[in-house]
Each structure stands twice: as structure tokens, then as C-alpha cells.
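First comes the structure, then the notes that go with it.
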Amino acid sequence: MSDTSTLDKAKLWLSETFDKETRNKVQTLIDSESPDLEDSFYRELEFGTGGMRGIMGVGTNRLNKYTLGQATQGLANYLHQQFSGEEIKVAIAYDVRHNSKEFGKVVADVLTANGIKVLLFKDHRPTPELSFTVRDKKCNAGIVLTASHNPPEYNGYKVYWNDGAQIVPPDDENIIREVYSTKFENIKFDGNDDLIEWIGEDQDDVYVDACMENSLYQNVGRDNLNIVFTSIHGTTYTTVPKALKKAGFTKVDLVQEQMIPSGNFPTVSSPNPEEPAALSMAMDLAEITNADIVIGTDPDGDRLGIAVRNLEGEIQLLNGNQCNTILTYYILDQWKKAGKITDKEFIGSTIVTSDIFFDVAEKFGVDCKVGLTGFKWIGKMIRDFEGQEKFICGGEESFGFMTGDFVRDKDSCGSILTACEIAAWCKANGTTVYQYMIDIYKEVGFYYEGLINVVRKGRSGAEEIQEMMKNFRENPPKEIAGSPVEEVKDFKEQTCFVVSKNEKKVMDDIPKSNVLIYYTQDGTKVCVRPSGTEPKIKFYVSVKDSIASEQDFVEKLPKLEEKINKVKQDLNL
């Protein structure tokens, strides 16, 4: 049985403020003494600094008409404060998840009921196209209904500002304040369809053209590259095949079963291109078609997974850092050859991403700016330095990358075009993407990464994750994988402790966040952070060495893998 306060919260949802269907569902939870009652009502679904994500259902800790309505009413109030006297426009997109289309209309109705014009996509569209559209159509804000690569029972709500990037301080905190001060009975649900402008394929064409303009550099061997692509039941069926065809990649095989949009994601256990299993059907097809490159995207089309043939000729999924290293190095090389690097350019990365990007940036004479986890911080970099420094590209380890600043969020479509261009160029020159990656490691250092996810669900899981972070903060490891810990960075306390000097420095150039990073004397990096969107605590491990040849790579790769396993053991993971 749930505790009294949870039961009292649930009973509030039996009032006339809520529709009959919602009241009936809540009453059933109460009458059956369902354990779901506790999780549905023990807290408010957090509207975080980018929006919210959660399991769909009735209750304050669930995504539904009322929690979405509250978020949107709060946003509408803030928009009226910020753009008083103007015609306010908001673009809305949604992915393939259950209820996404219906939620999209609920959100549109709340906005139009508040006198705000809405540009609403007629059907599923990728998140980066929404980001692009906000700027292209000069909107004041954007909203996308998505839970990215979470399981099917999840959905979510992300807010973008007028620069096309996700909301950051101070707008995020101000919107959160408005959301939490909005009572359910004050939500305006009776929309005005006259204020809705429907958008669709015409906007796809504008977006695809922008992807091509910002992501392609040289037309070499595009008609001789064998590509396998899968949208993993997600939104990119609307854009990526069209973009590849328009760019001249003629040999493209689609995983037809996975090009059917579905919120059940029926052919995969998880629609996450970070996991090799999500691309297994595409890899099987690649063996039949003798593909050079396999690409898959997550449901809302911002992340991409890339698999290429390794030194043994087998299709192998690259990790996010490897993908971004290849893309970044190639793009900077093209910029340098074109004489476009002038000491006023930068690339963007995040604190949990590989430090190889500092080395790559240094090689090409550009700056590497680093922010907290999440592409909104790269979007903020672009805005902060607009007119002073030119953003070239940016990425984070969780399979996200963006080429140019026409989209202000990670963008699979533009990144796919660049990746395919690299693969075509390599093939035309008698090499492979994998060998190109090894050549980069010879130049700037061989970095290798591992990610460990510790899942802890529900209320007790959240408490356990908090306790783990507290323990790592108060009792940092003295040695990891045989090397003494030399630096402890605590982004919550904004301090950097240098062990050998017994010296603590202030780090206030990056906002506070519950993240810890340990650096050892031999360059091993371990980052610990609770996930902001899933019931997980994540451990990002990076180890490094130097190589002079392909043979060096072959010999040292297992040693770095072994070192990552040693890190896991030392941290009791």
C-alpha cells in the first residue's frame, strides 16, 4: 500500500479538473492497491533544464495530457513575458512513439489557447529538423515530443529557444519556475485551430538542402559506395534516404522491416544505435550486399551509429568517440586544405567525451571548447561566440555529432552525409574508414573508451544512485588500474583537486553539475555521472597510448581493453 501523502496526491486527481478517463484510471489504481500508484504519484515528473522524460500514464510522475499541459502553459506564460507585444510562433515536432502525435496536438492546443501561433508538423519528423525549423521560420521557441532511445513505455518533451538550441540558463530556470507555479486547473486546453500552420515535405527539402550544403566537401566515388541504412522504426525514414539520393549516393540498401515507423520498435530490444544489437539486422544485410558502411539512427533521428569493416573485413560498430574523431579530423582537414582556418574557429565537445578532441584541435590550429553533457551546451557555445569565432563541428560520446551551425543540436542527417563522403573517399583511395581512424591515432594518439551503465530503477534506485555519488565524492579512489589518481574534478563543487600538490583550485567556467572526473598519472580518465534521462549511473572510461603503425594498433588494442576491465574491477563495477 502506498503511503498517505502519495494516496492524498492521487485523490486530487479524482476532481473535476481531470477528464473522466483519467479519473477512472486513478480510481482503479487506488482500489486495486496497485504498486504502480506509488511510482505514479510519489513525486512530480521533473521538468529539468531541457524538458522532461518519463513513463506514460496517469499521475504526477508520469507523462500525460496534464503534465504536458502544465509544462506548456508554463512555457506560454514565459513566452508572453519575454516577447510581449509580438506575434509569438512556436514550432512543434514529434517522433514515432505511442501518443506522440496526440501529445503534439495537446501541446499545440495549449499554445493556441494562449494566443500563440503554432507551426505543427503533419507527421513524424526528426528532432534536428525541428531545431533547424525554429531558426529557418524565425520562431520564438520549439518543442519536440520524444524520449530519444528510451524503451517504448517512455515519452518526453524538449524545449528549444529562438536560436534553435535547447534552453539553457537563464531561460531554463525561468521556464521551470513558471511550470511549477502553474496549477492543473489553470491550464488552457481549448485550442484555436486557426492559429495552426501545418508543415511537411516542403520543409524536409529545405532541411535536406541545408544538410548537403553544410556537410559535403568533395564529390569522390559516391556512386561506388555500398551503404546499408536503417531508421530502426524511427523518424529518419522521412529525410535520410532522400538526402543520400540527392547527394549522389546511389547504392543504398534499406532495412525495409525497420523503415516502418513504430513506437513498439518490434525488431529490437532497444532502439539505441549505441548498442550493436540494434544494428544487427543492418549488419546481416551488409553481409549480403557487401556493404562498406552501415548506419542506423535512434527514434528521433539525432543520434547515429556507424559500423564499418575492420582490419579483418568484418562489419564492426564504432563507438561514439571513434565516429566523432573520424568526422572531426576529416572536416578540419578539409577546412585547412580550403584555407578556411584563420585562428578564429572552434570545435565543441563535452566533459565526458574523449580528450582526443583537444589533440585534434591543436593539430589543426583551432580551439576546442568543452561544456557539460548534452548538446544544448554546444548550442550555447555557438550563441555565446557568434560573430567572434566560427563553429565548425562538434560531438559527444553518446553517438551525437553536428556539422556546421545550421542545426543547433546533434544531427544524424548531416553527419551521415559526411560519414558516407569519408567512406567513399577512402574506398576511392584504396583504403577504409577503419584504416583512416588508425592513421588519425598515429598522428594524435591512440585513445580508447568504455562506458559502464549501472541501472537502478524506481524510488529506491534513485536513492541508491545518490548514495553511490556521495560515496565517490567523499571517498575518491587513490589509484585506478595501477596508476595513482592525480586530479579529482568535482563539477558540483566546481573544484579541481591536484593530489601531488595537495591543492584545490576553483573551476567556475562550467556550470555546476553532479559529475566527478578522476585523472590518473598515466592519462586514464574516469567520469562518473547519474543519467539525466534514465535510471542509471554512468561511468565513462578513457585510456590512451601512442602507436606508430597498424601493427602497433593491433597489439595495443587488447591491452587497452584489458586496462578498461581493470578500471571496472578497481571501482567494483
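Ordering of the C-alpha cells sets the chain letters (A, B, ...), residue numbers begin anew at 1 in every chain, and ligands are numbered from 1 in the order given.
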- Test item: residues at most 12 Å from A:Ser270, only C-alpha atoms, excluding those fewer than 5 positions along its chain, as an NGL selection string: :A and (148-153 or 232-234 or 263-265 or 275-280 or 297-299)
* Asked: DSSP says strand (DSSP E or B) for which residues of stretch 240-293 of chain A? Put them as a VMD selection string?
  -> chain A and resid 252 to 254 293
Based on the selection just made, write C-alpha atoms of those residues as a PDB file, in the first residue's frame.
ATOM      1  CA  VAL A 252      21.798   2.446 -50.722  1.00  0.00           C
ATOM      2  CA  ASP A 253      20.051  -0.608 -49.287  1.00  0.00           C
ATOM      3  CA  LEU A 254      17.408  -0.006 -46.631  1.00  0.00           C
ATOM      4  CA  ILE A 293      29.285   1.150 -44.252  1.00  0.00           C
TER       5      ILE A 293
END
Can you pull out the residues contacting A:Trp377? Cut-off 12 Å, using only C-alpha atoms, and skip same-chain residues under 2 positions away; I want them as a PDB file with all heavy atoms, in the first residue's frame.
ATOM      1  N   THR A  49      16.296  20.906 -16.953  1.00  0.00           N
ATOM      2  CA  THR A  49      16.822  22.071 -17.663  1.00  0.00           C
ATOM      3  C   THR A  49      16.643  21.974 -19.183  1.00  0.00           C
ATOM      4  O   THR A  49      16.922  22.928 -19.885  1.00  0.00           O
ATOM      5  CB  THR A  49      18.301  22.285 -17.327  1.00  0.00           C
ATOM      6  OG1 THR A  49      18.998  21.059 -17.550  1.00  0.00           O
ATOM      7  CG2 THR A  49      18.463  22.716 -15.884  1.00  0.00           C
ATOM      8  N   GLY A  50      16.175  20.844 -19.698  1.00  0.00           N
ATOM      9  CA  GLY A  50      15.901  20.748 -21.135  1.00  0.00           C
ATOM     10  C   GLY A  50      14.471  20.353 -21.423  1.00  0.00           C
ATOM     11  O   GLY A  50      14.022  20.380 -22.552  1.00  0.00           O
ATOM     12  N   ALA A 165      18.552  26.089 -30.395  1.00  0.00           N
ATOM     13  CA  ALA A 165      19.209  25.197 -29.422  1.00  0.00           C
ATOM     14  C   ALA A 165      18.276  24.958 -28.243  1.00  0.00           C
ATOM     15  O   ALA A 165      17.358  25.743 -27.986  1.00  0.00           O
ATOM     16  CB  ALA A 165      20.516  25.821 -28.941  1.00  0.00           C
ATOM     17  N   GLN A 166      18.529  23.874 -27.517  1.00  0.00           N
ATOM     18  CA  GLN A 166      17.738  23.615 -26.320  1.00  0.00           C
ATOM     19  C   GLN A 166      17.955  24.725 -25.299  1.00  0.00           C
ATOM     20  O   GLN A 166      19.005  25.352 -25.262  1.00  0.00           O
ATOM     21  CB  GLN A 166      18.134  22.266 -25.713  1.00  0.00           C
ATOM     22  CG  GLN A 166      17.661  21.064 -26.520  1.00  0.00           C
ATOM     23  CD  GLN A 166      18.012  19.762 -25.825  1.00  0.00           C
ATOM     24  OE1 GLN A 166      17.622  19.526 -24.689  1.00  0.00           O
ATOM     25  NE2 GLN A 166      18.766  18.920 -26.505  1.00  0.00           N
ATOM     26  N   ILE A 167      16.952  24.921 -24.468  1.00  0.00           N
ATOM     27  CA  ILE A 167      17.013  26.018 -23.498  1.00  0.00           C
ATOM     28  C   ILE A 167      18.152  25.826 -22.500  1.00  0.00           C
ATOM     29  O   ILE A 167      18.449  24.717 -22.081  1.00  0.00           O
ATOM     30  CB  ILE A 167      15.677  26.184 -22.740  1.00  0.00           C
ATOM     31  CG1 ILE A 167      15.198  24.850 -22.164  1.00  0.00           C
ATOM     32  CG2 ILE A 167      14.627  26.814 -23.636  1.00  0.00           C
ATOM     33  CD1 ILE A 167      14.005  24.956 -21.241  1.00  0.00           C
ATOM     34  N   VAL A 168      18.813  26.948 -22.175  1.00  0.00           N
ATOM     35  CA  VAL A 168      19.915  26.985 -21.206  1.00  0.00           C
ATOM     36  C   VAL A 168      19.660  28.156 -20.260  1.00  0.00           C
ATOM     37  O   VAL A 168      18.746  28.947 -20.476  1.00  0.00           O
ATOM     38  CB  VAL A 168      21.292  27.148 -21.913  1.00  0.00           C
ATOM     39  CG1 VAL A 168      21.634  25.898 -22.717  1.00  0.00           C
ATOM     40  CG2 VAL A 168      21.305  28.382 -22.804  1.00  0.00           C
ATOM     41  N   PRO A 169      20.480  28.304 -19.192  1.00  0.00           N
ATOM     42  CA  PRO A 169      20.310  29.440 -18.281  1.00  0.00           C
ATOM     43  C   PRO A 169      20.402  30.769 -19.025  1.00  0.00           C
ATOM     44  O   PRO A 169      21.192  30.868 -19.962  1.00  0.00           O
ATOM     45  CB  PRO A 169      21.477  29.287 -17.299  1.00  0.00           C
ATOM     46  CG  PRO A 169      21.819  27.825 -17.330  1.00  0.00           C
ATOM     47  CD  PRO A 169      21.552  27.397 -18.751  1.00  0.00           C
ATOM     48  N   GLY A 348      33.342  21.856 -30.755  1.00  0.00           N
ATOM     49  CA  GLY A 348      32.691  21.714 -29.459  1.00  0.00           C
ATOM     50  C   GLY A 348      32.710  20.273 -28.980  1.00  0.00           C
ATOM     51  O   GLY A 348      32.608  19.335 -29.764  1.00  0.00           O
ATOM     52  N   SER A 349      32.861  20.105 -27.657  1.00  0.00           N
ATOM     53  CA  SER A 349      32.861  18.779 -27.058  1.00  0.00           C
ATOM     54  C   SER A 349      32.252  18.873 -25.654  1.00  0.00           C
ATOM     55  O   SER A 349      31.781  19.942 -25.249  1.00  0.00           O
ATOM     56  CB  SER A 349      34.293  18.229 -26.998  1.00  0.00           C
ATOM     57  OG  SER A 349      34.312  16.904 -26.524  1.00  0.00           O
ATOM     58  N   THR A 350      32.238  17.748 -24.932  1.00  0.00           N
ATOM     59  CA  THR A 350      31.673  17.745 -23.582  1.00  0.00           C
ATOM     60  C   THR A 350      32.654  17.095 -22.604  1.00  0.00           C
ATOM     61  O   THR A 350      33.577  16.391 -23.016  1.00  0.00           O
ATOM     62  CB  THR A 350      30.339  16.975 -23.525  1.00  0.00           C
ATOM     63  OG1 THR A 350      30.588  15.571 -23.666  1.00  0.00           O
ATOM     64  CG2 THR A 350      29.383  17.434 -24.620  1.00  0.00           C
ATOM     65  N   ILE A 351      32.412  17.293 -21.326  1.00  0.00           N
ATOM     66  CA  ILE A 351      33.364  16.835 -20.309  1.00  0.00           C
ATOM     67  C   ILE A 351      33.467  15.313 -20.242  1.00  0.00           C
ATOM     68  O   ILE A 351      34.472  14.785 -19.770  1.00  0.00           O
ATOM     69  CB  ILE A 351      33.030  17.403 -18.908  1.00  0.00           C
ATOM     70  CG1 ILE A 351      31.600  17.046 -18.477  1.00  0.00           C
ATOM     71  CG2 ILE A 351      33.251  18.902 -18.866  1.00  0.00           C
ATOM     72  CD1 ILE A 351      31.250  17.450 -17.056  1.00  0.00           C
ATOM     73  N   LYS A 369      36.321  23.874 -27.384  1.00  0.00           N
ATOM     74  CA  LYS A 369      35.566  24.323 -26.209  1.00  0.00           C
ATOM     75  C   LYS A 369      34.788  23.129 -25.649  1.00  0.00           C
ATOM     76  O   LYS A 369      34.272  22.308 -26.401  1.00  0.00           O
ATOM     77  CB  LYS A 369      34.593  25.446 -26.592  1.00  0.00           C
ATOM     78  CG  LYS A 369      35.306  26.690 -27.133  1.00  0.00           C
ATOM     79  CD  LYS A 369      34.329  27.829 -27.347  1.00  0.00           C
ATOM     80  CE  LYS A 369      34.930  28.963 -28.166  1.00  0.00           C
ATOM     81  NZ  LYS A 369      36.130  29.567 -27.558  1.00  0.00           N
ATOM     82  N   VAL A 370      34.724  23.072 -24.333  1.00  0.00           N
ATOM     83  CA  VAL A 370      34.097  21.928 -23.671  1.00  0.00           C
ATOM     84  C   VAL A 370      32.989  22.400 -22.745  1.00  0.00           C
ATOM     85  O   VAL A 370      33.152  23.384 -22.012  1.00  0.00           O
ATOM     86  CB  VAL A 370      35.148  21.128 -22.870  1.00  0.00           C
ATOM     87  CG1 VAL A 370      34.495  19.983 -22.118  1.00  0.00           C
ATOM     88  CG2 VAL A 370      36.213  20.570 -23.791  1.00  0.00           C
ATOM     89  N   GLY A 371      31.855  21.708 -22.786  1.00  0.00           N
ATOM     90  CA  GLY A 371      30.732  22.031 -21.904  1.00  0.00           C
ATOM     91  C   GLY A 371      30.254  20.801 -21.167  1.00  0.00           C
ATOM     92  O   GLY A 371      30.821  19.714 -21.297  1.00  0.00           O
ATOM     93  N   LEU A 372      29.197  20.977 -20.397  1.00  0.00           N
ATOM     94  CA  LEU A 372      28.586  19.849 -19.701  1.00  0.00           C
ATOM     95  C   LEU A 372      27.981  18.869 -20.710  1.00  0.00           C
ATOM     96  O   LEU A 372      27.865  19.169 -21.893  1.00  0.00           O
ATOM     97  CB  LEU A 372      27.491  20.346 -18.746  1.00  0.00           C
ATOM     98  CG  LEU A 372      27.960  21.164 -17.542  1.00  0.00           C
ATOM     99  CD1 LEU A 372      26.759  21.696 -16.768  1.00  0.00           C
ATOM    100  CD2 LEU A 372      28.855  20.334 -16.629  1.00  0.00           C
ATOM    101  N   THR A 373      27.576  17.693 -20.227  1.00  0.00           N
ATOM    102  CA  THR A 373      26.972  16.685 -21.085  1.00  0.00           C
ATOM    103  C   THR A 373      25.684  17.217 -21.700  1.00  0.00           C
ATOM    104  O   THR A 373      24.874  17.838 -21.023  1.00  0.00           O
ATOM    105  CB  THR A 373      26.640  15.423 -20.254  1.00  0.00           C
ATOM    106  OG1 THR A 373      27.786  15.094 -19.475  1.00  0.00           O
ATOM    107  CG2 THR A 373      26.279  14.270 -21.144  1.00  0.00           C
ATOM    108  N   GLY A 374      25.503  16.965 -22.986  1.00  0.00           N
ATOM    109  CA  GLY A 374      24.292  17.417 -23.665  1.00  0.00           C
ATOM    110  C   GLY A 374      24.600  18.468 -24.710  1.00  0.00           C
ATOM    111  O   GLY A 374      25.401  19.373 -24.490  1.00  0.00           O
ATOM    112  N   PHE A 375      23.933  18.330 -25.846  1.00  0.00           N
ATOM    113  CA  PHE A 375      24.228  19.214 -26.969  1.00  0.00           C
ATOM    114  C   PHE A 375      23.757  20.641 -26.769  1.00  0.00           C
ATOM    115  O   PHE A 375      24.191  21.546 -27.473  1.00  0.00           O
ATOM    116  CB  PHE A 375      23.647  18.629 -28.260  1.00  0.00           C
ATOM    117  CG  PHE A 375      24.701  18.077 -29.150  1.00  0.00           C
ATOM    118  CD1 PHE A 375      25.293  16.860 -28.870  1.00  0.00           C
ATOM    119  CD2 PHE A 375      25.150  18.777 -30.249  1.00  0.00           C
ATOM    120  CE1 PHE A 375      26.292  16.348 -29.666  1.00  0.00           C
ATOM    121  CE2 PHE A 375      26.145  18.278 -31.055  1.00  0.00           C
ATOM    122  CZ  PHE A 375      26.725  17.061 -30.766  1.00  0.00           C
ATOM    123  N   GLY A 379      25.291  24.093 -28.245  1.00  0.00           N
ATOM    124  CA  GLY A 379      24.455  25.156 -28.818  1.00  0.00           C
ATOM    125  C   GLY A 379      24.714  26.495 -28.148  1.00  0.00           C
ATOM    126  O   GLY A 379      24.765  27.536 -28.807  1.00  0.00           O
ATOM    127  N   LYS A 380      24.891  26.456 -26.833  1.00  0.00           N
ATOM    128  CA  LYS A 380      25.172  27.700 -26.089  1.00  0.00           C
ATOM    129  C   LYS A 380      26.519  28.297 -26.495  1.00  0.00           C
ATOM    130  O   LYS A 380      26.660  29.519 -26.626  1.00  0.00           O
ATOM    131  CB  LYS A 380      25.142  27.430 -24.581  1.00  0.00           C
ATOM    132  CG  LYS A 380      25.328  28.680 -23.722  1.00  0.00           C
ATOM    133  CD  LYS A 380      25.230  28.347 -22.236  1.00  0.00           C
ATOM    134  CE  LYS A 380      25.271  29.609 -21.372  1.00  0.00           C
ATOM    135  NZ  LYS A 380      26.504  30.379 -21.482  1.00  0.00           N
ATOM    136  N   MET A 381      27.527  27.419 -26.713  1.00  0.00           N
ATOM    137  CA  MET A 381      28.839  27.907 -27.180  1.00  0.00           C
ATOM    138  C   MET A 381      28.686  28.695 -28.480  1.00  0.00           C
ATOM    139  O   MET A 381      29.287  29.757 -28.658  1.00  0.00           O
ATOM    140  CB  MET A 381      29.777  26.734 -27.478  1.00  0.00           C
ATOM    141  CG  MET A 381      30.276  25.954 -26.312  1.00  0.00           C
ATOM    142  SD  MET A 381      31.115  24.481 -26.973  1.00  0.00           S
ATOM    143  CE  MET A 381      31.083  23.439 -25.528  1.00  0.00           C
ATOM    144  N   ILE A 382      27.904  28.133 -29.400  1.00  0.00           N
ATOM    145  CA  ILE A 382      27.733  28.776 -30.708  1.00  0.00           C
ATOM    146  C   ILE A 382      27.125  30.160 -30.515  1.00  0.00           C
ATOM    147  O   ILE A 382      27.585  31.152 -31.087  1.00  0.00           O
ATOM    148  CB  ILE A 382      26.849  27.915 -31.636  1.00  0.00           C
ATOM    149  CG1 ILE A 382      27.505  26.555 -31.885  1.00  0.00           C
ATOM    150  CG2 ILE A 382      26.610  28.635 -32.962  1.00  0.00           C
ATOM    151  CD1 ILE A 382      26.608  25.559 -32.613  1.00  0.00           C
ATOM    152  N   ARG A 383      26.087  30.226 -29.681  1.00  0.00           N
ATOM    153  CA  ARG A 383      25.420  31.503 -29.445  1.00  0.00           C
ATOM    154  C   ARG A 383      26.352  32.492 -28.752  1.00  0.00           C
ATOM    155  O   ARG A 383      26.423  33.674 -29.108  1.00  0.00           O
ATOM    156  CB  ARG A 383      24.160  31.280 -28.603  1.00  0.00           C
ATOM    157  CG  ARG A 383      23.424  32.581 -28.278  1.00  0.00           C
ATOM    158  CD  ARG A 383      22.084  32.308 -27.608  1.00  0.00           C
ATOM    159  NE  ARG A 383      21.035  33.067 -28.293  1.00  0.00           N
ATOM    160  CZ  ARG A 383      19.751  33.012 -28.003  1.00  0.00           C
ATOM    161  NH1 ARG A 383      19.321  32.219 -27.071  1.00  0.00           N
ATOM    162  NH2 ARG A 383      18.878  33.745 -28.650  1.00  0.00           N
ATOM    163  N   ASP A 384      27.089  32.021 -27.737  1.00  0.00           N
ATOM    164  CA  ASP A 384      27.964  32.907 -26.960  1.00  0.00           C
ATOM    165  C   ASP A 384      29.072  33.522 -27.809  1.00  0.00           C
ATOM    166  O   ASP A 384      29.521  34.633 -27.534  1.00  0.00           O
ATOM    167  CB  ASP A 384      28.596  32.140 -25.789  1.00  0.00           C
ATOM    168  CG  ASP A 384      27.602  31.821 -24.681  1.00  0.00           C
ATOM    169  OD1 ASP A 384      26.491  32.390 -24.711  1.00  0.00           O
ATOM    170  OD2 ASP A 384      27.928  31.004 -23.804  1.00  0.00           O
ATOM    171  N   GLY A 394      30.939  19.642 -33.919  1.00  0.00           N
ATOM    172  CA  GLY A 394      31.015  19.258 -32.514  1.00  0.00           C
ATOM    173  C   GLY A 394      30.372  17.908 -32.281  1.00  0.00           C
ATOM    174  O   GLY A 394      29.556  17.447 -33.079  1.00  0.00           O
ATOM    175  N   GLY A 395      30.775  17.271 -31.176  1.00  0.00           N
ATOM    176  CA  GLY A 395      30.221  15.953 -30.903  1.00  0.00           C
ATOM    177  C   GLY A 395      30.354  15.571 -29.445  1.00  0.00           C
ATOM    178  O   GLY A 395      31.100  16.180 -28.680  1.00  0.00           O
ATOM    179  N   GLU A 396      29.590  14.552 -29.060  1.00  0.00           N
ATOM    180  CA  GLU A 396      29.720  13.969 -27.732  1.00  0.00           C
ATOM    181  C   GLU A 396      29.745  12.457 -27.852  1.00  0.00           C
ATOM    182  O   GLU A 396      29.317  11.893 -28.863  1.00  0.00           O
ATOM    183  CB  GLU A 396      28.612  14.446 -26.796  1.00  0.00           C
ATOM    184  CG  GLU A 396      27.219  14.049 -27.198  1.00  0.00           C
ATOM    185  CD  GLU A 396      26.169  14.523 -26.197  1.00  0.00           C
ATOM    186  OE1 GLU A 396      26.545  15.100 -25.163  1.00  0.00           O
ATOM    187  OE2 GLU A 396      24.984  14.319 -26.455  1.00  0.00           O
ATOM    188  N   ARG A 408      21.192  23.433 -34.411  1.00  0.00           N
ATOM    189  CA  ARG A 408      21.834  23.721 -33.123  1.00  0.00           C
ATOM    190  C   ARG A 408      21.630  22.560 -32.139  1.00  0.00           C
ATOM    191  O   ARG A 408      21.453  22.751 -30.954  1.00  0.00           O
ATOM    192  CB  ARG A 408      21.271  25.032 -32.542  1.00  0.00           C
ATOM    193  CG  ARG A 408      21.508  26.266 -33.439  1.00  0.00           C
ATOM    194  CD  ARG A 408      22.968  26.650 -33.518  1.00  0.00           C
ATOM    195  NE  ARG A 408      23.220  27.682 -34.500  1.00  0.00           N
ATOM    196  CZ  ARG A 408      23.340  28.991 -34.230  1.00  0.00           C
ATOM    197  NH1 ARG A 408      23.217  29.431 -33.002  1.00  0.00           N
ATOM    198  NH2 ARG A 408      23.592  29.854 -35.194  1.00  0.00           N
ATOM    199  N   ASP A 409      21.628  21.364 -32.689  1.00  0.00           N
ATOM    200  CA  ASP A 409      21.531  20.155 -31.882  1.00  0.00           C
ATOM    201  C   ASP A 409      22.203  19.043 -32.670  1.00  0.00           C
ATOM    202  O   ASP A 409      22.475  19.197 -33.870  1.00  0.00           O
ATOM    203  CB  ASP A 409      20.058  19.807 -31.616  1.00  0.00           C
ATOM    204  CG  ASP A 409      19.865  18.955 -30.357  1.00  0.00           C
ATOM    205  OD1 ASP A 409      20.872  18.441 -29.826  1.00  0.00           O
ATOM    206  OD2 ASP A 409      18.711  18.814 -29.909  1.00  0.00           O
ATOM    207  N   LYS A 410      22.475  17.913 -32.019  1.00  0.00           N
ATOM    208  CA  LYS A 410      23.094  16.814 -32.760  1.00  0.00           C
ATOM    209  C   LYS A 410      22.179  16.417 -33.911  1.00  0.00           C
ATOM    210  O   LYS A 410      20.959  16.419 -33.786  1.00  0.00           O
ATOM    211  CB  LYS A 410      23.417  15.642 -31.846  1.00  0.00           C
ATOM    212  CG  LYS A 410      22.313  15.136 -30.957  1.00  0.00           C
ATOM    213  CD  LYS A 410      22.877  14.075 -30.019  1.00  0.00           C
ATOM    214  CE  LYS A 410      21.813  13.551 -29.058  1.00  0.00           C
ATOM    215  NZ  LYS A 410      21.538  14.498 -27.961  1.00  0.00           N
ATOM    216  N   ILE A 510      32.488  26.347 -15.990  1.00  0.00           N
ATOM    217  CA  ILE A 510      31.417  25.442 -16.424  1.00  0.00           C
ATOM    218  C   ILE A 510      30.370  25.409 -15.314  1.00  0.00           C
ATOM    219  O   ILE A 510      30.719  25.331 -14.136  1.00  0.00           O
ATOM    220  CB  ILE A 510      31.978  24.030 -16.708  1.00  0.00           C
ATOM    221  CG1 ILE A 510      32.841  24.073 -17.976  1.00  0.00           C
ATOM    222  CG2 ILE A 510      30.860  23.006 -16.876  1.00  0.00           C
ATOM    223  CD1 ILE A 510      33.472  22.753 -18.359  1.00  0.00           C
ATOM    224  N   PRO A 511      29.070  25.475 -15.644  1.00  0.00           N
ATOM    225  CA  PRO A 511      28.027  25.475 -14.609  1.00  0.00           C
ATOM    226  C   PRO A 511      28.094  24.234 -13.717  1.00  0.00           C
ATOM    227  O   PRO A 511      28.639  23.200 -14.108  1.00  0.00           O
ATOM    228  CB  PRO A 511      26.718  25.483 -15.421  1.00  0.00           C
ATOM    229  CG  PRO A 511      27.094  26.017 -16.758  1.00  0.00           C
ATOM    230  CD  PRO A 511      28.502  25.595 -16.999  1.00  0.00           C
TER     231      PRO A 511
END
Please identify every residue of stretch 285-330 of chain A that has at least one atom no farther than 10 Å from an atom of stretch 220-226 of chain A, counting only C-alpha atoms, and for each give the shortest atom pair and the distance in Å to one decimal, arranged by chain then increasing number, as a tab-separated table.
residue	atom	partner	partner_atom	distance
A:Ala286	CA	A:Asn226	CA	8.6
A:Thr289	CA	A:Asn226	CA	7.5
A:Asn290	CA	A:Asn226	CA	7.1
A:Ala291	CA	A:Asn226	CA	4.5
A:Asp292	CA	A:Asn226	CA	5.3
A:Ile293	CA	A:Asn226	CA	6.8
A:Val294	CA	A:Asn226	CA	8.9
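In this comparison, which uses only C-alpha atoms, the residue of A:Tyr42, A:Phe121, A:Tyr540, A:Phe364 approaching A:Asp343 most closely is A:Phe364.
Of the listed residues A:Asp545, A:Ala428, A:Gly156, A:Asn24, the one whose atoms come nearest to A:Leu45 is A:Gly156, with distances taken using only C-alpha atoms.
Coordinates place atom CA of A:Tyr94 at a distance of 7.6 Å from atom CA of A:Pro126.
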Who sits within 9 Å of A:Asp411, only C-alpha atoms, same chain under 4 positions skipped, as a PyMOL selection string: chain A and resi 126-129+301-304+400-403+407+415-416
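You can rank A:Arg473, A:Ala481, A:Ser215, A:Gly461 by their closest distance to A:Asn572 using only C-alpha atoms, and at the top of that list sits A:Ala481.
In this model, the gap between atom CA of A:Glu38 and atom CA of A:Leu145 comes to 25.4 Å.
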Report the closest atom pair, with its distance in Å rounded to one decimal, for each residue of stretch 259-347 of chain A that has an atom no farther than 10 Å from stretch 429-440 of chain A; count only C-alpha atoms, sort by chain and then rising residue number, and write it as a Markdown table.
| residue | atom | partner | partner_atom | distance |
| --- | --- | --- | --- | --- |
| A:Asp292 | CA | A:Thr432 | CA | 8.3 |
| A:Ile293 | CA | A:Val433 | CA | 8.7 |
| A:Ala307 | CA | A:Tyr434 | CA | 9.5 |
| A:Val308 | CA | A:Tyr434 | CA | 6.7 |
| A:Arg309 | CA | A:Tyr434 | CA | 6.7 |
| A:Asn310 | CA | A:Tyr434 | CA | 5.7 |
| A:Leu311 | CA | A:Tyr434 | CA | 7.2 |
| A:Gly313 | CA | A:Thr432 | CA | 9.7 |
| A:Gln316 | CA | A:Tyr434 | CA | 9.3 |
| A:Leu318 | CA | A:Tyr434 | CA | 8.9 |
| A:Gln322 | CA | A:Met437 | CA | 7.5 |
| A:Cys323 | CA | A:Met437 | CA | 8.8 |
| A:Thr325 | CA | A:Met437 | CA | 7.7 |
| A:Ile326 | CA | A:Met437 | CA | 5.9 |
| A:Leu327 | CA | A:Met437 | CA | 9.7 |
| A:Tyr329 | CA | A:Ile440 | CA | 7.6 |
| A:Tyr330 | CA | A:Tyr436 | CA | 9.5 |
